[in-house]
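Text of my_file37.pdb, listed as PDB, C-alpha atoms:
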```
ATOM      1  CA  MET F   1      37.536  38.859-103.305
ATOM      2  CA  ARG F   2      37.466  35.809-105.499
ATOM      3  CA  SER F   3      41.211  35.976-106.082
ATOM      4  CA  SER F   4      41.807  36.187-102.289
ATOM      5  CA  SER F   5      39.845  32.968-101.701
ATOM      6  CA  ILE F   6      41.817  31.192-104.356
ATOM      7  CA  VAL F   7      45.085  32.342-102.791
ATOM      8  CA  TYR F   8      43.909  31.147 -99.334
ATOM      9  CA  ILE F   9      42.964  27.706-100.633
ATOM     10  CA  LEU F  10      46.277  27.415-102.441
ATOM     11  CA  ALA F  11      48.089  28.349 -99.228
ATOM     12  CA  LEU F  12      46.307  25.630 -97.229
ATOM     13  CA  ALA F  13      47.065  23.092 -99.920
ATOM     14  CA  ALA F  14      50.707  24.096 -99.897
ATOM     15  CA  GLN F  15      50.853  23.796 -96.087
ATOM     16  CA  SER F  16      49.286  20.330 -96.233
ATOM     17  CA  GLY F  17      51.682  19.363 -98.960
ATOM     18  CA  LEU F  18      54.624  20.521 -96.889
ATOM     19  CA  ALA F  19      53.426  18.458 -93.894
ATOM     20  CA  SER F  20      53.102  15.404 -96.092
ATOM     21  CA  ALA F  21      56.423  16.095 -97.746
ATOM     22  CA  ALA F  22      58.040  16.248 -94.320
ATOM     23  CA  CYS F  23      57.073  12.583 -93.861
ATOM     24  CA  ALA F  24      57.469  11.593 -97.499
ATOM     25  CA  SER F  25      59.691   8.665 -96.597
ATOM     26  CA  PRO F  26      57.876   5.267 -96.378
ATOM     27  CA  ALA F  27      58.982   5.072 -92.734
ATOM     28  CA  CYS F  28      57.027   7.081 -90.129
ATOM     29  CA  THR F  29      60.335   7.747 -88.362
ATOM     30  CA  SER F  30      61.111  10.322 -91.083
ATOM     31  CA  CYS F  31      58.590  12.786 -89.575
ATOM     32  CA  PRO F  32      60.610  15.619 -88.002
ATOM     33  CA  THR F  33      57.996  16.861 -85.507
ATOM     34  CA  SER F  34      55.211  15.417 -83.398
ATOM     35  CA  GLN F  35      52.658  17.447 -85.387
ATOM     36  CA  ASP F  36      53.976  16.043 -88.661
ATOM     37  CA  CYS F  37      53.750  12.521 -87.236
ATOM     38  CA  ALA F  38      50.162  13.081 -86.054
ATOM     39  CA  ASN F  39      49.112  14.640 -89.398
ATOM     40  CA  PHE F  40      50.716  12.016 -91.562
ATOM     41  CA  GLN F  41      48.219   9.265 -92.423
ATOM     42  CA  GLY F  42      49.061   5.921 -90.892
ATOM     43  CA  CYS F  43      51.504   7.271 -88.284
ATOM     44  CA  VAL F  44      51.119   7.574 -84.513
ATOM     45  CA  ASP F  45      53.387   9.384 -82.064
ATOM     46  CA  LYS F  46      54.084   7.146 -79.063
ATOM     47  CA  SER F  47      56.969   9.114 -77.609
ATOM     48  CA  PRO F  48      57.068   8.645 -73.796
ATOM     49  CA  GLY F  49      58.102  12.299 -73.297
ATOM     50  CA  ASP F  50      59.515  14.843 -75.724
ATOM     51  CA  TYR F  51      59.031  13.918 -79.347
ATOM     52  CA  ASP F  52      61.389  11.235 -80.588
ATOM     53  CA  ALA F  53      61.152  10.310 -84.266
ATOM     54  CA  SER F  54      61.982   6.684 -83.456
ATOM     55  CA  PHE F  55      58.650   6.491 -81.603
ATOM     56  CA  CYS F  56      56.662   7.677 -84.619
ATOM     57  CA  VAL F  57      55.309   4.328 -85.731
ATOM     58  CA  GLU F  58      52.629   2.946 -87.980
ATOM     59  CA  GLY F  59      49.189   2.873 -86.396
ATOM     60  CA  GLN F  60      45.591   3.984 -86.763
ATOM     61  CA  GLY F  61      46.474   7.640 -87.103
ATOM     62  CA  VAL F  62      44.943   8.556 -83.755
ATOM     63  CA  PHE F  63      46.828   7.753 -80.586
ATOM     64  CA  GLN F  64      44.930   5.571 -78.153
ATOM     65  CA  GLU F  65      46.185   4.505 -74.798
ATOM     66  CA  GLU F  66      46.686   0.801 -74.569
ATOM     67  CA  GLU F  67      44.204  -0.855 -72.298
ATOM     68  CA  THR F  68      45.760  -2.641 -69.386
ATOM     69  CA  LEU F  69      44.004  -5.552 -67.785
ATOM     70  CA  GLU F  70      43.697  -5.263 -64.071
ATOM     71  CA  PRO F  71      45.050  -8.314 -62.292
ATOM     72  CA  CYS F  72      42.378 -10.643 -61.009
ATOM     73  CA  ASP F  73      41.623 -10.105 -57.386
ATOM     74  CA  GLY F  74      43.197 -12.960 -55.458
ATOM     75  CA  SER F  75      40.284 -13.027 -53.049
ATOM     76  CA  LEU F  76      38.007 -14.189 -55.863
ATOM     77  CA  ALA F  77      40.186 -17.206 -56.605
ATOM     78  CA  MET F  78      40.564 -17.978 -52.911
ATOM     79  CA  GLY F  79      36.816 -17.760 -52.448
ATOM     80  CA  ALA F  80      36.256 -20.159 -55.337
ATOM     81  CA  ILE F  81      38.743 -22.654 -53.876
ATOM     82  CA  GLY F  82      37.046 -22.370 -50.511
ATOM     83  CA  GLY F  83      33.665 -23.016 -52.103
ATOM     84  CA  VAL F  84      34.963 -26.164 -53.803
ATOM     85  CA  PHE F  85      36.399 -27.521 -50.565
ATOM     86  CA  ALA F  86      33.205 -26.696 -48.664
ATOM     87  CA  PHE F  87      31.144 -28.420 -51.377
ATOM     88  CA  ILE F  88      33.123 -31.628 -50.835
ATOM     89  CA  LEU F  89      31.778 -31.915 -47.271
ATOM     90  CA  PRO F  90      28.128 -32.703 -48.131
ATOM     91  CA  CYS F  91      29.252 -34.790 -51.124
ATOM     92  CA  CYS F  92      31.434 -37.011 -48.933
ATOM     93  CA  LEU F  93      28.737 -37.335 -46.300
ATOM     94  CA  LEU F  94      26.124 -38.309 -48.902
ATOM     95  CA  CYS F  95      28.527 -40.765 -50.534
ATOM     96  CA  ASN F  96      29.317 -42.345 -47.172
ATOM     97  CA  ARG F  97      25.609 -42.649 -46.409
ATOM     98  CA  ARG F  98      24.935 -44.234 -49.802
ATOM     99  CA  ILE F  99      27.698 -46.808 -49.274
ATOM    100  CA  ARG F 100      26.359 -47.653 -45.820
ATOM    101  CA  GLN F 101      22.778 -48.071 -47.094
ATOM    102  CA  HIS F 102      23.891 -50.265 -50.006
ATOM    103  CA  SER F 103      25.982 -52.477 -47.727
ATOM    104  CA  ARG F 104      23.136 -52.962 -45.274
ATOM    105  CA  TRP F 105      20.741 -53.799 -48.113
ATOM    106  CA  MET F 106      23.122 -56.420 -49.546
ATOM    107  CA  LEU F 107      23.330 -58.047 -46.096
ATOM    108  CA  SER F 108      19.591 -58.021 -45.385
ATOM    109  CA  ALA F 109      17.977 -58.418 -48.824
ATOM    110  CA  PRO F 110      15.830 -61.537 -49.448
ATOM    111  CA  GLN F 111      17.363 -64.480 -51.306
ATOM    112  CA  SER F 112      15.210 -63.678 -54.302
ATOM    113  CA  SER F 113      17.401 -60.576 -54.800
ATOM    114  CA  VAL F 114      20.739 -61.392 -53.162
ATOM    115  CA  LYS F 115      22.330 -64.774 -52.530
ATOM    116  CA  ARG F 116      25.527 -65.828 -50.793
ATOM    117  CA  ALA F 117      28.235 -68.271 -51.727
ATOM    118  CA  ILE F 118      31.641 -69.469 -50.578
ATOM    119  CA  ALA F 119      34.310 -68.344 -53.031
ATOM    120  CA  GLY F 120      37.677 -70.021 -53.319
ATOM    121  CA  VAL F 121      40.749 -67.788 -53.529
ATOM    122  CA  LYS F 122      42.798 -68.716 -56.594
ATOM    123  CA  GLY F 123      45.224 -65.799 -56.487
ATOM    124  CA  ASN F 124      46.064 -62.685 -54.538
ATOM    125  CA  TRP F 125      48.234 -59.576 -54.977
ATOM    126  CA  THR F 126      48.614 -56.004 -53.818
ATOM    127  CA  LYS F 127      49.431 -52.698 -55.507
ATOM    128  CA  THR F 128      51.074 -49.757 -53.804
ATOM    129  CA  GLY F 129      50.692 -46.245 -55.152
ATOM    130  CA  GLY F 130      50.699 -42.614 -54.190
ATOM    131  CA  GLY F 131      54.365 -42.504 -53.231
ATOM    132  CA  GLY F 132      55.643 -40.075 -50.640
ATOM    133  CA  GLU F 133      55.653 -40.791 -46.922
ATOM    134  CA  HIS F 134      52.139 -42.272 -46.881
ATOM    135  CA  PRO F 135      51.653 -44.614 -49.872
ATOM    136  CA  THR F 136      48.313 -46.353 -50.355
ATOM    137  CA  THR F 137      47.900 -50.090 -50.843
ATOM    138  CA  SER F 138      45.121 -51.800 -52.786
ATOM    139  CA  TYR F 139      44.239 -55.455 -52.217
ATOM    140  CA  TYR F 140      43.094 -57.836 -54.976
ATOM    141  CA  LEU F 141      41.797 -61.405 -55.032
ATOM    142  CA  GLN F 142      41.144 -63.838 -57.859
ATOM    143  CA  VAL F 143      38.094 -65.864 -56.784
ATOM    144  CA  GLU F 144      35.758 -68.536 -58.108
ATOM    145  CA  PHE F 145      32.318 -69.484 -56.808
ATOM    146  CA  GLN F 146      29.149 -71.194 -57.982
ATOM    147  CA  ALA F 147      26.149 -68.914 -58.556
ATOM    148  CA  VAL F 148      22.513 -69.967 -58.786
ATOM    149  CA  ARG F 149      20.089 -67.966 -60.892
ATOM    150  CA  SER F 150      16.389 -67.418 -60.244
ATOM    151  CA  ASN F 151      15.486 -70.285 -62.614
ATOM    152  CA  GLY F 152      17.678 -72.702 -60.621
ATOM    153  CA  ALA F 153      20.496 -72.879 -63.152
ATOM    154  CA  ALA F 154      23.965 -73.015 -61.578
ATOM    155  CA  PHE F 155      27.293 -72.099 -63.116
ATOM    156  CA  ASN F 156      30.784 -71.103 -62.039
ATOM    157  CA  VAL F 157      31.854 -67.476 -61.778
ATOM    158  CA  GLY F 158      35.517 -66.461 -61.859
ATOM    159  CA  ALA F 159      36.590 -62.869 -61.454
ATOM    160  CA  GLU F 160      38.970 -60.417 -59.825
ATOM    161  CA  MET F 161      37.768 -58.315 -56.915
ATOM    162  CA  THR F 162      39.093 -55.530 -54.728
ATOM    163  CA  VAL F 163      38.758 -56.030 -50.980
ATOM    164  CA  MET F 164      39.674 -54.221 -47.804
ATOM    165  CA  GLY F 165      42.882 -55.005 -45.925
ATOM    166  CA  GLU F 166      41.214 -56.994 -43.132
ATOM    167  CA  THR F 167      39.257 -59.119 -45.606
ATOM    168  CA  TYR F 168      42.374 -59.702 -47.695
ATOM    169  CA  ALA F 169      44.449 -60.941 -44.765
ATOM    170  CA  LYS F 170      41.793 -63.428 -43.648
ATOM    171  CA  ALA F 171      41.010 -64.651 -47.179
ATOM    172  CA  VAL F 172      44.675 -65.249 -48.004
ATOM    173  CA  GLU F 173      45.097 -67.227 -44.789
ATOM    174  CA  VAL F 174      42.110 -69.573 -45.246
ATOM    175  CA  ARG F 175      42.063 -69.375 -49.094
ATOM    176  CA  GLN F 176      38.339 -68.662 -49.234
ATOM    177  CA  LEU F 177      35.762 -66.001 -48.361
ATOM    178  CA  GLN F 178      32.012 -65.543 -48.327
ATOM    179  CA  VAL F 179      30.503 -63.311 -51.003
ATOM    180  CA  ALA F 180      27.044 -61.860 -51.687
ATOM    181  CA  TYR F 181      25.909 -61.542 -55.301
ATOM    182  CA  LEU F 182      22.868 -60.155 -57.095
ATOM    183  CA  VAL F 183      20.559 -62.825 -58.473
ATOM    184  CA  ASP F 184      20.702 -62.965 -62.290
ATOM    185  CA  SER F 185      23.587 -60.475 -62.177
ATOM    186  CA  GLU F 186      26.233 -62.649 -60.557
ATOM    187  CA  HIS F 187      29.221 -60.547 -61.581
ATOM    188  CA  ASN F 188      27.981 -57.854 -59.179
ATOM    189  CA  PHE F 189      29.272 -59.351 -55.956
ATOM    190  CA  GLU F 190      31.117 -58.221 -52.834
ATOM    191  CA  ALA F 191      32.814 -59.797 -49.862
ATOM    192  CA  ILE F 192      30.515 -60.239 -46.854
ATOM    193  CA  GLN F 193      33.211 -58.982 -44.495
ATOM    194  CA  ASP F 194      33.621 -55.780 -46.545
ATOM    195  CA  LEU F 195      29.865 -55.197 -46.473
ATOM    196  CA  GLU F 196      29.787 -55.622 -42.697
ATOM    197  CA  ILE F 197      32.573 -53.064 -42.256
ATOM    198  CA  LYS F 198      31.037 -50.529 -44.646
ATOM    199  CA  GLY F 199      27.549 -50.950 -43.192
ATOM    200  CA  ASN F 200      28.689 -50.230 -39.661
ATOM    201  CA  ALA F 201      28.425 -46.487 -38.946
ATOM    202  CA  LYS F 202      30.981 -46.819 -36.124
ATOM    203  CA  SER F 203      33.547 -48.769 -38.105
ATOM    204  CA  PRO F 204      37.016 -47.306 -38.796
ATOM    205  CA  PHE F 205      36.057 -47.011 -42.470
ATOM    206  CA  ALA F 206      33.068 -44.780 -41.682
ATOM    207  CA  CYS F 207      35.090 -42.741 -39.189
ATOM    208  CA  VAL F 208      37.819 -42.086 -41.763
ATOM    209  CA  MET F 209      35.270 -41.070 -44.404
ATOM    210  CA  ASN F 210      33.580 -38.646 -42.012
ATOM    211  CA  PHE F 211      36.930 -37.253 -40.849
ATOM    212  CA  VAL F 212      38.025 -36.564 -44.438
ATOM    213  CA  ALA F 213      34.694 -34.902 -45.215
ATOM    214  CA  VAL F 214      34.871 -32.653 -42.156
ATOM    215  CA  CYS F 215      38.506 -31.724 -42.921
ATOM    216  CA  PHE F 216      37.666 -30.663 -46.461
ATOM    217  CA  GLY F 217      34.621 -28.747 -45.270
ATOM    218  CA  GLY F 218      36.622 -26.999 -42.550
ATOM    219  CA  ILE F 219      39.364 -26.008 -44.990
ATOM    220  CA  GLY F 220      36.735 -24.624 -47.356
ATOM    221  CA  LEU F 221      35.092 -22.519 -44.655
ATOM    222  CA  VAL F 222      38.430 -21.156 -43.413
ATOM    223  CA  VAL F 223      39.591 -20.266 -46.935
ATOM    224  CA  GLY F 224      36.235 -18.710 -47.751
ATOM    225  CA  VAL F 225      36.262 -16.517 -44.650
ATOM    226  CA  ALA F 226      39.906 -15.529 -45.157
ATOM    227  CA  SER F 227      39.228 -14.467 -48.756
ATOM    228  CA  GLY F 228      36.460 -12.067 -47.710
ATOM    229  CA  PRO F 229      36.933  -8.297 -47.492
ATOM    230  CA  ALA F 230      39.119  -7.127 -44.657
TER
END
```
Can the structure from this file be put into structure tokens for me?
Amino acid sequence: MRSSSIVYILALAAQSGLASAACASPACTSCPTSQDCANFQGCVDKSPGDYDASFCVEGQGVFQEEETLEPCDGSLAMGAIGGVFAFILPCCLLCNRRIRQHSRWMLSAPQSSVKRAIAGVKGNWTKTGGGGEHPTTSYYLQVEFQAVRSNGAAFNVGAEMTVMGETYAKAVEVRQLQVAYLVDSEHNFEAIQDLEIKGNAKSPFACVMNFVAVCFGGIGLVVGVASGPA
């Protein structure tokens, strides 16, 4: 009985040795059968069909199917884009409201907070950008005016400023414009004509701002609805 066990163990060892010997070459491609490839440490059979020794490659020793990432659902991206566009609507409306409130305050604030002055136009230029069929133009003025602080001290202020097209045309023609500035912070100033346009809820400026906001909001809602489940 004892001799039979020894013979059986020797037989298993011989069989294992033969399997290893079949793949004794350093390359896994030397394994003649799929079983040899699977049994040989460090080799994995990745044959697409019947066993092909060229597909016996180095690996973890146990074949695992490669995980494939599912493509991202396009509706998710479309929904996110729609949400961004829809979010722009309240942002634009709030921004427009803030600009209108600030402009009205600058026009109606007491002289202890805001004062006015006549600024001389020392230079003017424009910049065109955006390209395409509808380029945008920015209008700049180099102005100088005398500011008076709360303690009565007066001094000259010279600075560049950006103005709206209507204000630019008039200022260039008469070479001066009226500005409103914060007392004791004279470099924070704006053209009176710009403030009047921005503070008017029915002005073209306000209408354009509201139109842009509604367009973005509408696009966002349409994209969001279209990206939903069918």
Exercise for the section: Would you be able to write out as a ChimeraX atom specification which residues have an atom within 6 Å of (38.5, -60.9, -55.0) in the file's coordinates, counting only C-alpha atoms? Expected result: /F:140-143,160-162
Problem - Best match for closeness to Glu173 of chain F among F:Asn96, F:Ser113, F:Asn200, F:Asn124, counting only C-alpha atoms - result: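 Checking each candidate against Glu173 of chain F, we get F:Asn124 as the closest.
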Problem - Using all atoms listed in the file: which of F:Gln176, F:Ser30, F:Ser112, F:Ser54 has the shortest distance to Asn151 of chain F - result: F:Ser112
Handout entry: Residues matched by the PyMOL selection byres ((chain F and resi 184) around 8), written as a ChimeraX atom specification
Key = /F:149-150,182-183,185-186
Handout entry: Gap from atom CA of Tyr168 of chain F to atom CA of Pro135 of chain F - Å, one decimal
Key =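 Distance between the two atoms: 17.8 Å.
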Exercise for the section: Would you kindly translate the PyMOL selection byres ((chain F and resi 51) around 12) into the concrete residues it picks from this file, as number ranges by chain? Expected result: F: 29, 31-38, 44-50, 52-56
Output file for the residues above (C-alpha atoms, as a short mmCIF file (atom, residue, chain, number, x, y, z; two decimals), keeping the file's coordinate frame):
```cif
data_model
loop_
_atom_site.label_atom_id
_atom_site.label_comp_id
_atom_site.auth_asym_id
_atom_site.auth_seq_id
_atom_site.Cartn_x
_atom_site.Cartn_y
_atom_site.Cartn_z
CA THR F 29 60.34 7.75 -88.36
CA CYS F 31 58.59 12.79 -89.58
CA PRO F 32 60.61 15.62 -88.00
CA THR F 33 58.00 16.86 -85.51
CA SER F 34 55.21 15.42 -83.40
CA GLN F 35 52.66 17.45 -85.39
CA ASP F 36 53.98 16.04 -88.66
CA CYS F 37 53.75 12.52 -87.24
CA ALA F 38 50.16 13.08 -86.05
CA VAL F 44 51.12 7.57 -84.51
CA ASP F 45 53.39 9.38 -82.06
CA LYS F 46 54.08 7.15 -79.06
CA SER F 47 56.97 9.11 -77.61
CA PRO F 48 57.07 8.64 -73.80
CA GLY F 49 58.10 12.30 -73.30
CA ASP F 50 59.52 14.84 -75.72
CA ASP F 52 61.39 11.24 -80.59
CA ALA F 53 61.15 10.31 -84.27
CA SER F 54 61.98 6.68 -83.46
CA PHE F 55 58.65 6.49 -81.60
CA CYS F 56 56.66 7.68 -84.62
#
```
Exercise for the section: Rank nothing, just name the residue among F:Ala109, F:Ala117, F:Ile197, F:Met164 nearest to Leu177 of chain F, using all atoms listed in the file. Expected result: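 Once distances to Leu177 of chain F are computed over all atoms listed in the file, the minimum belongs to F:Ala117.
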Handout entry: Selection dump of the PyMOL selection byres ((chain F and resi 106) around 9), as a PyMOL selection string
Key = chain F and resi 101-105+107-110+113-115+180-182+190+192+195
Problem - Distance in Å - atom CA of Ala159 of chain F versus atom CA of Gly120 of chain F - result: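 Pair atom CA of Ala159 of chain F / atom CA of Gly120 of chain F returns 10.9 Å.
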Fill in the blank from the handout: Here atom CA of Val157 of chain F and atom CA of Ile99 of chain F stand apart by 24.5 Å
Centre and size of axis-aligned box enclosing segment 40-55 of chain F plus 5 Å each side, as lines of an AutoDock Vina configuration file:
```
center_x = 55.1
center_y = 10.4
center_z = -82.9
size_x = 23.8
size_y = 18.9
size_z = 29.1
```
Practice task
Pick out the closest residue to Gly158 of chain F from this set: F:Phe40, F:Trp125, F:Phe145, F:Phe189. Count only C-alpha atoms.
Solution key: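 Closest to Gly158 of chain F of all the choices is F:Phe145.
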Exercise for the section: Return the single residue from F:Thr136, F:Gln111, F:Gln146, F:Gln193 that is closest to Val163 of chain F, with distances computed using only C-alpha atoms. Expected result: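 Checking each of F:Thr136, F:Gln111, F:Gln146, F:Gln193 against Val163 of chain F, counting only C-alpha atoms, the winner is F:Gln193.
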Exercise for the section: Have a look at F:Ala153, F:Ala191, F:Ala119, F:Ala147 and name the one nearest to Val174 of chain F; count all atoms listed in the file. Expected result: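 The answer is F:Ala119, which sits nearest to Val174 of chain F.
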